[in-house]
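Notes follow once the structure below has been shown.
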Number of protein chains: 2
Amino acid sequence: MTESLGFLVSDVARLMRRRFDERARKSGATGPQWRTLKILERHEGLNQGQIAELLEVEPITCCRMIDRLEEAGLVERRRDPADRRAWRIYLTEKARPVLAELHDIAGAMLEAALNGLDAPQRDALIASLNVVRANMTQTADIKPETKEAANG
Amino acid sequence: MTESLGFLVSDVARLMRRRFDERARKSGATGPQWRTLKILERHEGLNQGQIAELLEVEPITCCRMIDRLEEAGLVERRRDPADRRAWRIYLTEKARPVLAELHDIAGAMLEAALNGLDAPQRDALIASLNVVRANMTQTADIKPETKEAANG
DNA sequence: TGCAATCTATAAGCCTGCTTACTATATGTG
DNA sequence: CACATATAGTAAGCAGGCTTATAGATTGCA
């Protein structure tokens, strides 16, 4: 039964994403795009590698996300004056109201998602998810040598 | 702070998927493919619409998944003798060992994911996620008319 | 100074999810 | 029977993950 945790988590993620996207579409940004914008809100001027690290995605994933955000006019790339390999990413003015609207949508959806859970249950849920998240982040660093004799 | 639930869940889902895929790649199936195979294991001969419903994805998503599974030789499409529009989907013999191997991989990964949580915490986590899942499934049926005066 | 290693960004291509729109078939209604 | 509607499956095309590979720039080291 506990085997279902992976399915359960990905189900919940997919359903939440679907619900969010339904409402957020008219704002012109998706969930992952919003998350990227939020990071930029607090850390404007990061380069794409740094953003990828904060998002915990691969650089190419971040690169293409910035492509779409730039195309939508929500961010802009500026050359790093000290490193001609790098771009620094900045929010545009157009991004501010989008951020505010997405914040409201997410707040309403969150309340719907947690309906029926009391405060201690909500806290426990978030705490446990953070534990799982940390477990999955740590184990991601294990090198293949660890499982030398695993191939039966 | 609680606003982060959506991000947290999708993070956990993505990290678990990444971990699973790393290990499962040599078995020739991904997480969603495994889930589809598991459904077929219990309900062989379903058509694609029924599978999509059990997976809680759109029919086109299921269709393309069956495409890939068929191409990999893990399932086969057989014409429904009673409805010439429909295909019935069956596992091939090749799928059995793949299912067994993925089951083992998932078991090991699950233990890693839940490391540090005791039994009551695990139960509470799964129960709460099921509540959220139900909330997100239900609200997905709400019609737009419900929010007549929501557009500020 | 020069070369190798590293780092930043990106291209190509795959999987999984979605929307929209289409074909083919089945079914209901007049 | 004929037409409208519904259903099963699929194509096209987009977003967001990934891997692998490459170009260009920087940096470390001999």
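By order in the structure tokens, chains are A, B, ...; within a chain, residues start at 1; ligands start at 1, following the order shown.
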
Handout entry: Nearby residues (only C-alpha atoms (C1' of nucleotides)) at most 12 Å from DA12 of chain D, same-chain spacing under 2 positions excluded, as a list in words
Key = Ile60 of chain B; DT19, DT20, DA21 and DC22 of chain C; DT10 and DC14 of chain D

Exercise for the section: Mind checking which residues fall within 12 Å of DA2 of chain D, counting only C-alpha atoms (C1' of nucleotides), ignoring those fewer than 2 positions away in the same chain, and posting them as a list in words? Expected result: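 Near DA2 of chain D, the qualifying residues are DG28, DT29 and DG30 of chain C; DA4 of chain D.
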
Exercise for the section: Check the DSSP output for the backbone and give back, as a ChimeraX atom specification, the residues of segment 6-111 of chain A in strand (DSSP E). Expected result: /A:75-79,87-91

Any chance you could export the current selection's N, CA and C atoms as a compact mmCIF listing (two decimals), in the first residue's frame?
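Once everything was written out, this is selection39.txt:
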```txt
# COMPACT_ATOMS: atom_id res chain seq x y z
N VAL A 75 10.33 38.78 -18.59
CA VAL A 75 11.70 38.96 -18.11
C VAL A 75 12.54 39.46 -19.27
N GLU A 76 13.74 39.94 -18.93
CA GLU A 76 14.67 40.30 -19.99
C GLU A 76 16.07 39.83 -19.65
N ARG A 77 16.82 39.47 -20.69
CA ARG A 77 18.21 39.06 -20.53
C ARG A 77 19.09 40.27 -20.76
N ARG A 78 20.02 40.47 -19.81
CA ARG A 78 21.02 41.51 -20.02
C ARG A 78 22.39 40.87 -19.90
N ARG A 79 23.31 41.29 -20.75
CA ARG A 79 24.65 40.75 -20.72
C ARG A 79 25.32 41.04 -19.39
N TRP A 87 24.27 35.54 -19.07
CA TRP A 87 23.20 36.52 -19.10
C TRP A 87 22.72 36.74 -17.66
N ARG A 88 22.30 37.97 -17.38
CA ARG A 88 21.65 38.22 -16.11
C ARG A 88 20.17 38.48 -16.41
N ILE A 89 19.32 37.91 -15.57
CA ILE A 89 17.89 37.93 -15.86
C ILE A 89 17.17 38.92 -14.94
N TYR A 90 16.34 39.77 -15.55
CA TYR A 90 15.61 40.78 -14.79
C TYR A 90 14.13 40.72 -15.13
N LEU A 91 13.29 40.99 -14.12
CA LEU A 91 11.86 41.11 -14.36
C LEU A 91 11.58 42.39 -15.13
```

Practice task
Going by DSSP on the backbone, which bits of chain A are helix (DSSP H, G or I)? Write them as a count of residues only, please.
Solution key: 106

Practice task
Name all residues at most 10 Å from Ala24 of chain B (count only C-alpha atoms (C1' of nucleotides); drop same-chain ones fewer than 4 positions away) and give them as a list in words.
Solution key: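 The neighbour list is Arg18, Arg19, Phe20, Gly28, Ala29, Thr30, Gly31, Trp34, Val98, Glu101, Leu102, His103, Asp104, Ile105 and Ala106 of chain B.
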
Mind writing the picked residues with N, CA and C atoms as a PDB file, in the first residue's frame?
```
ATOM      1  N   ARG B  18      12.611  11.862 -10.902  1.00  0.00           N
ATOM      2  CA  ARG B  18      13.989  11.852 -11.379  1.00  0.00           C
ATOM      3  C   ARG B  18      14.740  10.651 -10.813  1.00  0.00           C
ATOM      4  N   ARG B  19      14.579  10.433  -9.525  1.00  0.00           N
ATOM      5  CA  ARG B  19      15.259   9.314  -8.881  1.00  0.00           C
ATOM      6  C   ARG B  19      14.812   7.984  -9.469  1.00  0.00           C
ATOM      7  N   PHE B  20      13.498   7.871  -9.659  1.00  0.00           N
ATOM      8  CA  PHE B  20      12.956   6.621 -10.190  1.00  0.00           C
ATOM      9  C   PHE B  20      13.471   6.376 -11.601  1.00  0.00           C
ATOM     10  N   GLY B  28      13.585  -0.185 -19.166  1.00  0.00           N
ATOM     11  CA  GLY B  28      12.856   0.144 -20.373  1.00  0.00           C
ATOM     12  C   GLY B  28      11.483   0.722 -20.134  1.00  0.00           C
ATOM     13  N   ALA B  29      11.229   1.259 -18.954  1.00  0.00           N
ATOM     14  CA  ALA B  29       9.933   1.898 -18.717  1.00  0.00           C
ATOM     15  C   ALA B  29      10.106   3.056 -17.744  1.00  0.00           C
ATOM     16  N   THR B  30       9.269   4.059 -17.891  1.00  0.00           N
ATOM     17  CA  THR B  30       9.291   5.210 -16.996  1.00  0.00           C
ATOM     18  C   THR B  30       8.210   5.044 -15.927  1.00  0.00           C
ATOM     19  N   GLY B  31       8.129   6.009 -15.010  1.00  0.00           N
ATOM     20  CA  GLY B  31       7.139   5.928 -13.945  1.00  0.00           C
ATOM     21  C   GLY B  31       5.710   5.838 -14.458  1.00  0.00           C
ATOM     22  N   TRP B  34       5.019   2.608 -16.063  1.00  0.00           N
ATOM     23  CA  TRP B  34       4.857   1.540 -15.090  1.00  0.00           C
ATOM     24  C   TRP B  34       3.445   1.558 -14.512  1.00  0.00           C
ATOM     25  N   VAL B  98       9.486  -6.948 -16.514  1.00  0.00           N
ATOM     26  CA  VAL B  98       9.653  -5.503 -16.345  1.00  0.00           C
ATOM     27  C   VAL B  98       8.841  -5.023 -15.148  1.00  0.00           C
ATOM     28  N   GLU B 101      10.613  -6.013 -11.958  1.00  0.00           N
ATOM     29  CA  GLU B 101      11.807  -5.230 -11.667  1.00  0.00           C
ATOM     30  C   GLU B 101      11.453  -3.824 -11.183  1.00  0.00           C
ATOM     31  N   LEU B 102      10.465  -3.226 -11.836  1.00  0.00           N
ATOM     32  CA  LEU B 102      10.068  -1.880 -11.435  1.00  0.00           C
ATOM     33  C   LEU B 102       9.484  -1.886 -10.027  1.00  0.00           C
ATOM     34  N   HIS B 103       8.812  -2.955  -9.700  1.00  0.00           N
ATOM     35  CA  HIS B 103       8.253  -3.081  -8.357  1.00  0.00           C
ATOM     36  C   HIS B 103       9.368  -3.039  -7.315  1.00  0.00           C
ATOM     37  N   ASP B 104      10.454  -3.753  -7.579  1.00  0.00           N
ATOM     38  CA  ASP B 104      11.572  -3.769  -6.640  1.00  0.00           C
ATOM     39  C   ASP B 104      12.230  -2.394  -6.534  1.00  0.00           C
ATOM     40  N   ILE B 105      12.427  -1.765  -7.686  1.00  0.00           N
ATOM     41  CA  ILE B 105      13.054  -0.439  -7.683  1.00  0.00           C
ATOM     42  C   ILE B 105      12.219   0.540  -6.870  1.00  0.00           C
ATOM     43  N   ALA B 106      10.912   0.488  -7.086  1.00  0.00           N
ATOM     44  CA  ALA B 106      10.028   1.420  -6.380  1.00  0.00           C
ATOM     45  C   ALA B 106      10.042   1.154  -4.885  1.00  0.00           C
TER      46      ALA B 106
END
```

Compile a residue-level contact table for chain B against chain A at a cut-off of 8 Å, reporting for every qualifying residue the shortest atom pair and its distance in Å to one decimal, with only C-alpha atoms counted, rows ordered by chain and ascending number, as a tab-separated table.
```
residue	atom	partner	partner_atom	distance
B:Thr2	CA	A:Ile126	CA	7.9
B:Glu3	CA	A:Gly107	CA	6.3
B:Leu5	CA	A:Ile126	CA	7.0
B:Gly6	CA	A:Met16	CA	6.9
B:Phe7	CA	A:Arg35	CA	7.7
B:Leu8	CA	A:Leu129	CA	7.1
B:Val9	CA	A:Ala13	CA	5.6
B:Ser10	CA	A:Ala13	CA	4.9
B:Asp11	CA	A:Arg133	CA	7.2
B:Val12	CA	A:Arg133	CA	5.2
B:Ala13	CA	A:Ser10	CA	4.9
B:Arg14	CA	A:Ser10	CA	7.8
B:Leu15	CA	A:Met136	CA	6.0
B:Met16	CA	A:Met136	CA	6.3
B:Arg17	CA	A:Gly6	CA	7.9
B:Arg19	CA	A:Ala140	CA	6.5
B:Arg35	CA	A:Phe7	CA	7.7
B:Ala106	CA	A:Glu3	CA	7.0
B:Gly107	CA	A:Glu3	CA	6.3
B:Leu110	CA	A:Glu3	CA	6.6
B:Ala112	CA	A:Asn135	CA	6.7
B:Ala113	CA	A:Val132	CA	5.1
B:Leu114	CA	A:Val132	CA	5.9
B:Asn115	CA	A:Asn135	CA	7.0
B:Gly116	CA	A:Val131	CA	7.4
B:Leu117	CA	A:Ser128	CA	7.4
B:Gln121	CA	A:Ser128	CA	7.4
B:Ala124	CA	A:Leu125	CA	7.5
B:Leu125	CA	A:Leu125	CA	5.6
B:Ile126	CA	A:Leu5	CA	7.0
B:Ser128	CA	A:Leu125	CA	6.6
B:Leu129	CA	A:Leu8	CA	7.1
B:Asn130	CA	A:Leu8	CA	7.4
B:Val131	CA	A:Gly116	CA	7.4
B:Val132	CA	A:Ala113	CA	5.1
B:Arg133	CA	A:Val12	CA	5.2
B:Asn135	CA	A:Ala113	CA	5.5
B:Met136	CA	A:Leu15	CA	6.0
B:Thr137	CA	A:Leu15	CA	6.9
B:Thr139	CA	A:Ala112	CA	7.8
B:Ala140	CA	A:Arg19	CA	6.6
```

Exercise for the section: Compare A:Ala119, A:Cys62, A:Ala95, A:Leu37 by their minimum atom-to-atom distance to chain D, counting only C-alpha atoms (C1' of nucleotides), and give me the closest one. Expected result: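 Ranked by minimum distance to chain D, first place goes to A:Cys62.
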